[in-house]
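Participant: Structure file entry_26.cif (mmCIF, C-alpha atoms) is given on the next line.
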```cif
data_model
loop_
_atom_site.label_atom_id
_atom_site.label_comp_id
_atom_site.auth_asym_id
_atom_site.auth_seq_id
_atom_site.Cartn_x
_atom_site.Cartn_y
_atom_site.Cartn_z
CA MET G 15 17.87 -7.34 -2.13
CA VAL G 16 17.15 -4.30 0.01
CA GLU G 17 17.56 -1.05 -1.91
CA TYR G 18 18.92 2.19 -0.51
CA ASN G 19 19.00 4.49 -3.47
CA SER G 20 15.50 4.03 -4.80
CA PRO G 21 13.45 7.03 -6.00
CA ALA G 22 10.39 4.76 -5.69
CA LEU G 23 11.08 4.21 -1.97
CA ASP G 24 11.62 7.99 -1.52
CA GLN G 25 8.19 8.67 -3.02
CA VAL G 26 6.39 5.97 -1.04
CA PHE G 27 7.84 7.09 2.30
CA SER G 28 7.15 10.77 1.45
CA ALA G 29 3.58 9.84 0.50
CA VAL G 30 2.85 8.11 3.81
CA ALA G 31 4.54 10.88 5.85
CA ASP G 32 1.26 12.84 5.84
CA PRO G 33 -1.68 11.95 8.15
CA THR G 34 -4.37 12.81 5.55
CA ARG G 35 -2.71 10.61 2.93
CA ARG G 36 -2.37 7.77 5.48
CA ALA G 37 -6.11 8.13 6.26
CA ILE G 38 -6.95 8.01 2.51
CA LEU G 39 -4.92 4.81 2.13
CA GLY G 40 -6.75 3.42 5.18
CA MET G 41 -10.10 4.12 3.48
CA LEU G 42 -9.02 2.60 0.17
CA ALA G 43 -7.65 -0.48 1.95
CA ARG G 44 -11.27 -1.24 2.89
CA ARG G 45 -12.79 -0.62 -0.56
CA PRO G 46 -12.29 1.43 -3.75
CA ALA G 47 -13.95 4.88 -3.69
CA THR G 48 -14.56 7.94 -5.86
CA VAL G 49 -12.66 11.17 -5.16
CA THR G 50 -15.92 12.71 -3.81
CA GLU G 51 -16.45 9.78 -1.43
CA ILE G 52 -12.84 9.98 -0.26
CA ALA G 53 -13.14 13.74 0.41
CA ARG G 54 -16.42 13.53 2.41
CA PRO G 55 -15.07 12.78 5.93
CA PHE G 56 -12.23 15.32 5.72
CA PRO G 57 -12.58 18.93 6.94
CA VAL G 58 -10.58 20.24 3.97
CA SER G 59 -11.46 21.24 0.38
CA LEU G 60 -12.03 18.76 -2.43
CA ASN G 61 -9.07 20.43 -4.15
CA ALA G 62 -6.78 19.67 -1.20
CA ILE G 63 -7.88 16.02 -1.19
CA SER G 64 -7.39 15.85 -4.95
CA LYS G 65 -3.77 17.02 -4.52
CA HIS G 66 -3.16 14.35 -1.87
CA ILE G 67 -4.58 11.68 -4.22
CA LYS G 68 -2.24 12.90 -7.00
CA THR G 69 0.74 12.50 -4.64
CA LEU G 70 -0.41 8.95 -3.85
CA GLU G 71 -0.78 8.25 -7.60
CA ARG G 72 2.75 9.51 -8.32
CA ALA G 73 4.05 7.15 -5.62
CA GLY G 74 2.18 4.31 -7.37
CA LEU G 75 -0.02 3.68 -4.32
CA VAL G 76 -3.36 4.64 -5.91
CA LYS G 77 -4.76 3.85 -9.37
CA ARG G 78 -7.46 6.15 -10.77
CA GLU G 79 -10.03 5.15 -13.41
CA VAL G 80 -12.29 7.78 -14.96
CA VAL G 81 -15.85 6.51 -15.57
CA GLY G 82 -18.00 9.30 -17.03
CA ARG G 83 -17.61 12.22 -14.61
CA GLU G 84 -16.49 10.05 -11.71
CA HIS G 85 -12.93 9.29 -10.72
CA HIS G 86 -12.72 5.83 -9.14
CA CYS G 87 -9.66 5.23 -6.97
CA ARG G 88 -8.29 1.95 -5.74
CA LEU G 89 -5.28 0.95 -3.77
CA GLU G 90 -2.18 -0.51 -5.39
CA PRO G 91 -0.34 -2.44 -2.66
CA ARG G 92 2.90 -3.39 -4.47
CA PRO G 93 5.00 -0.26 -3.68
CA LEU G 94 4.04 -0.58 -0.01
CA ARG G 95 5.51 -4.09 0.03
CA ARG G 96 8.93 -2.72 -0.90
CA ALA G 97 8.70 -0.08 1.83
CA THR G 98 7.66 -2.71 4.38
CA ALA G 99 10.53 -4.96 3.22
CA TRP G 100 13.04 -2.14 3.80
CA LEU G 101 11.75 -1.48 7.34
CA GLU G 102 11.46 -5.18 8.24
CA HIS G 103 15.02 -5.87 7.05
CA HIS G 104 16.40 -3.23 9.40
CA GLN G 105 14.10 -4.16 12.23
CA ALA G 106 15.34 -7.76 12.02
CA PHE G 107 18.93 -6.45 12.35
CA TRP G 108 18.11 -4.29 15.38
CA GLU G 109 16.02 -6.91 17.13
CA ALA G 110 18.93 -9.36 16.75
CA ARG G 111 21.32 -6.78 18.22
CA LEU G 112 18.99 -6.03 21.14
CA ASP G 113 18.50 -9.77 21.79
CA ALA G 114 22.27 -10.29 21.84
CA LEU G 115 22.67 -7.39 24.31
CA GLU G 116 19.94 -8.80 26.59
CA ARG G 117 21.56 -12.26 26.51
CA HIS G 118 24.92 -10.69 27.36
CA VAL G 119 23.40 -8.81 30.34
CA ALA G 120 21.58 -11.94 31.56
CA ALA G 121 24.78 -14.03 31.29
CA THR G 122 26.79 -11.38 33.17
CA GLN G 123 24.20 -11.26 35.97
CA LYS G 124 24.18 -15.06 36.24
CA ARG G 125 27.97 -15.23 36.59
CA ASP G 126 28.05 -12.43 39.16
CA PRO G 127 24.63 -11.33 40.54
CA ARG G 128 26.19 -8.20 42.18
CA ARG G 129 26.91 -6.85 38.67
CA GLY G 130 23.24 -6.58 37.71
CA GLY G 131 21.56 -3.50 36.27
CA HIS G 132 22.49 -1.47 33.25
CA PRO G 133 25.67 -2.63 31.49
CA GLY G 134 26.78 0.99 31.17
CA GLN G 135 26.81 1.51 34.96
CA ARG G 136 30.04 -0.36 35.61
CA MET P 1 -4.15 0.29 17.75
CA VAL P 2 -2.98 1.74 14.45
CA GLU P 3 -2.62 5.53 14.52
CA TYR P 4 -3.36 7.86 11.63
CA ASN P 5 -2.78 11.29 13.10
CA SER P 6 0.61 10.83 14.65
CA PRO P 7 3.29 13.54 14.31
CA ALA P 8 5.82 10.85 15.31
CA LEU P 9 4.85 8.69 12.31
CA ASP P 10 5.05 11.78 10.05
CA GLN P 11 8.61 12.41 11.20
CA VAL P 12 9.72 8.78 10.89
CA PHE P 13 8.36 8.38 7.36
CA SER P 14 9.82 11.79 6.33
CA ALA P 15 13.17 10.74 7.81
CA VAL P 16 13.36 7.50 5.82
CA ALA P 17 12.15 9.18 2.58
CA ASP P 18 15.76 10.20 1.81
CA PRO P 19 18.34 7.72 0.40
CA THR P 20 21.29 9.17 2.40
CA ARG P 21 19.33 8.92 5.64
CA ARG P 22 18.31 5.34 4.81
CA ALA P 23 21.98 4.51 4.16
CA ILE P 24 22.99 6.07 7.53
CA LEU P 25 20.36 3.96 9.31
CA GLY P 26 21.71 0.92 7.43
CA MET P 27 25.22 1.65 8.75
CA LEU P 28 24.04 2.21 12.33
CA ALA P 29 21.98 -1.00 12.20
CA ARG P 30 25.32 -2.83 11.96
CA ARG P 31 27.11 -0.93 14.74
CA PRO P 32 27.21 2.48 16.48
CA ALA P 33 29.53 5.03 14.84
CA THR P 34 30.86 8.56 15.26
CA VAL P 35 29.62 11.35 12.97
CA THR P 36 33.04 11.35 11.22
CA GLU P 37 32.84 7.58 10.61
CA ILE P 38 29.28 7.91 9.29
CA ALA P 39 30.30 10.69 6.88
CA ARG P 40 33.37 8.88 5.44
CA PRO P 41 31.71 6.81 2.64
CA PHE P 42 29.46 9.63 1.43
CA PRO P 43 30.47 12.02 -1.37
CA VAL P 44 28.94 15.00 0.47
CA SER P 45 30.20 17.41 3.15
CA LEU P 46 30.40 16.57 6.86
CA ASN P 47 27.94 19.44 7.37
CA ALA P 48 25.37 17.80 5.04
CA ILE P 49 25.70 14.48 6.89
CA SER P 50 25.39 16.29 10.22
CA LYS P 51 22.07 17.79 9.05
CA HIS P 52 20.79 14.36 8.03
CA ILE P 53 21.76 12.96 11.45
CA LYS P 54 19.88 15.84 13.15
CA THR P 55 16.75 14.94 11.13
CA LEU P 56 17.11 11.30 12.25
CA GLU P 57 17.55 12.48 15.86
CA ARG P 58 14.39 14.62 15.70
CA ALA P 59 12.49 11.55 14.42
CA GLY P 60 13.83 9.64 17.44
CA LEU P 61 15.71 7.15 15.22
CA VAL P 62 19.23 8.08 16.30
CA LYS P 63 20.63 8.85 19.76
CA ARG P 64 23.81 10.91 20.03
CA GLU P 65 26.25 10.84 22.93
CA VAL P 66 29.07 13.37 23.13
CA VAL P 67 32.33 11.90 24.48
CA GLY P 68 35.06 14.54 24.48
CA ARG P 69 35.15 15.87 20.92
CA GLU P 70 33.48 12.83 19.41
CA HIS P 71 29.79 12.44 18.74
CA HIS P 72 28.79 8.78 19.04
CA CYS P 73 25.57 7.83 17.28
CA ARG P 74 23.50 4.72 17.76
CA LEU P 75 20.25 3.53 16.37
CA GLU P 76 17.02 3.72 18.33
CA PRO P 77 14.70 1.09 16.80
CA ARG P 78 11.42 1.83 18.64
CA PRO P 79 9.96 4.52 16.31
CA LEU P 80 10.64 2.24 13.33
CA ARG P 81 8.49 -0.44 14.96
CA ARG P 82 5.46 1.87 14.89
CA ALA P 83 6.08 2.71 11.24
CA THR P 84 6.42 -0.98 10.38
CA ALA P 85 3.23 -1.73 12.34
CA TRP P 86 1.31 0.87 10.30
CA LEU P 87 2.53 -0.57 6.98
CA GLU P 88 2.02 -4.20 8.03
CA HIS P 89 -1.54 -3.49 9.20
CA HIS P 90 -2.49 -2.11 5.78
CA GLN P 91 -0.57 -4.76 3.92
CA ALA P 92 -2.52 -7.45 5.81
CA PHE P 93 -5.76 -5.78 4.70
CA TRP P 94 -4.70 -5.61 1.06
CA GLU P 95 -3.31 -9.12 0.93
CA ALA P 96 -6.63 -10.38 2.32
CA ARG P 97 -8.52 -8.43 -0.38
CA LEU P 98 -6.24 -9.73 -3.15
CA ASP P 99 -6.58 -13.31 -1.84
CA ALA P 100 -10.38 -13.00 -1.85
CA LEU P 101 -10.29 -11.70 -5.43
CA GLU P 102 -8.06 -14.56 -6.57
CA ARG P 103 -10.33 -17.13 -4.89
CA HIS P 104 -13.35 -15.52 -6.59
CA VAL P 105 -11.64 -15.70 -10.03
CA ALA P 106 -10.58 -19.33 -9.44
CA ALA P 107 -14.11 -20.30 -8.35
CA THR P 108 -15.64 -18.57 -11.41
CA GLN P 109 -13.23 -20.36 -13.77
CA LYS P 110 -14.00 -23.75 -12.12
CA ARG P 111 -17.77 -23.27 -12.59
CA ASP P 112 -17.39 -22.13 -16.19
CA PRO P 113 -13.90 -22.54 -17.74
CA ARG P 114 -14.86 -20.36 -20.78
CA ARG P 115 -15.13 -17.37 -18.42
CA GLY P 116 -11.46 -17.44 -17.45
CA GLY P 117 -9.12 -14.49 -17.57
CA HIS P 118 -9.50 -11.09 -15.99
CA PRO P 119 -12.74 -10.59 -14.06
CA GLY P 120 -13.13 -7.13 -15.57
CA GLN P 121 -13.26 -8.49 -19.14
CA ARG P 122 -16.86 -9.71 -18.98
#
```
Take the structure I supplied and represent it as structure tokens, if you would.
Facilitator:
Amino acid sequence: MVEYNSPALDQVFSAVADPTRRAILGMLARRPATVTEIARPFPVSLNAISKHIKTLERAGLVKREVVGREHHCRLEPRPLRRATAWLEHHQAFWEARLDALERHVAATQKRDPRRGGHPGQR
Amino acid sequence: MVEYNSPALDQVFSAVADPTRRAILGMLARRPATVTEIARPFPVSLNAISKHIKTLERAGLVKREVVGREHHCRLEPRPLRRATAWLEHHQAFWEARLDALERHVAATQKRDPRRGGHPGQR
């Protein structure tokens, strides 16, 4: 079942609509990391990175565990699966429509080669 | 090549982060429609729907053609492909990590069945 009205999907898509948050997810896809480690390669403040991580946590994409003074973050892939499922469902629809259009154009050209080109040009 | 810093990806993910816009894309995946037809099933104003369609146009997901007084909208699937590619790339990474963890747990349990359960419980 593909959901339309899902606050969870809203949050996941909003979360990945930012390049810094996508880069953080890319880092955590490789291995878990502390907030300080995550912040190191970015030319912004630790506070800014911390806010991005909180947004990812609210979307359920990152889990944080506090060990002493360190905050360990790891990726939680499940919400991404639902987002991917939504996109793939629609992509399958479109690809099928495009395939049908291409077959129609090919069949038209075969019947009458002079009618080639874009179907909208007739 | 999977992109991180892509304004196009930002716009696509922002566009699909709204349930009304996802529903509009769902309608247009089935067939092209005029703005009036798109607005009909929604309990909001034509103006609100028009704004959503403009957001989808800016993200490159909808193309509009004006024929007389009617605005015909159709879906443009290409930008969605890039968004799906980004999600699938990361999902592949995570699934591989989860598989490796499961294999590690299974192997540990086989060597010593008393050590079953969650690997973090030791």
Participant: Written as a list in words, what is the full residue list that the PyMOL selection byres ((chain P and resi 91-98) around 9) yields on the file shown?
Facilitator: Ala43, Arg44, Arg45, Leu89, Glu90, Pro91, Leu94, Arg95 and Thr98 of chain G; Trp86, Leu87, Glu88, His89, His90, Asp99, Ala100, Leu101, Glu102 and Arg103 of chain P
Participant: To one decimal place in Å, what is the distance between CA of Val80 in chain G and CA of Phe27 in chain G?
Facilitator: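 Separation between CA of Val80 in chain G and CA of Phe27 in chain G: 26.5 Å.
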Participant: May I ask for the distance between CA of Ala17 in chain P and CA of Ser50 in chain P, given in Å to one decimal place?
Facilitator: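 Atom-to-atom, CA of Ala17 in chain P and CA of Ser50 in chain P are spaced 16.9 Å apart.
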Participant: For a test of reading the model, state the distance in Å between CA of Ala37 in chain G and CA of Arg22 in chain P, rounded to one decimal.
Facilitator: 24.6 Å
Participant: Taking the file as shown, what set of residues would the PyMOL selection byres ((chain P and resi 52-64) around 7) give back, as a list in words?
Facilitator: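 So the PyMOL selection byres ((chain P and resi 52-64) around 7), applied here, picks out Ala8, Gln11, Val12, Ala15, Arg21, Ala48, Ile49, Ser50, Lys51, Glu65, Val66, His71, His72, Cys73, Arg74, Leu75, Glu76, Pro77 and Pro79 of chain P.
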Participant: In terms of the shortest atom-to-atom distance over all atoms listed in the file, which of G:Lys124, G:Phe56, G:His118, G:Ala97 is closest to chain P?
Facilitator: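 Residue with the minimum atom-to-atom distance to chain P: G:Ala97.
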Participant: Between G:Val49, G:Arg54, G:Arg92, G:Ala120, which one has atoms that come closest to chain P, using only C-alpha atoms?
Facilitator: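 Of G:Val49, G:Arg54, G:Arg92, G:Ala120, the one nearest chain P is G:Arg92, counting only C-alpha atoms.
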Participant: Nearest to chain G: which of P:Val67, P:Leu25, P:Ala39, P:Val105 is it, counting only C-alpha atoms?
Facilitator: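 Closest candidate: P:Leu25.
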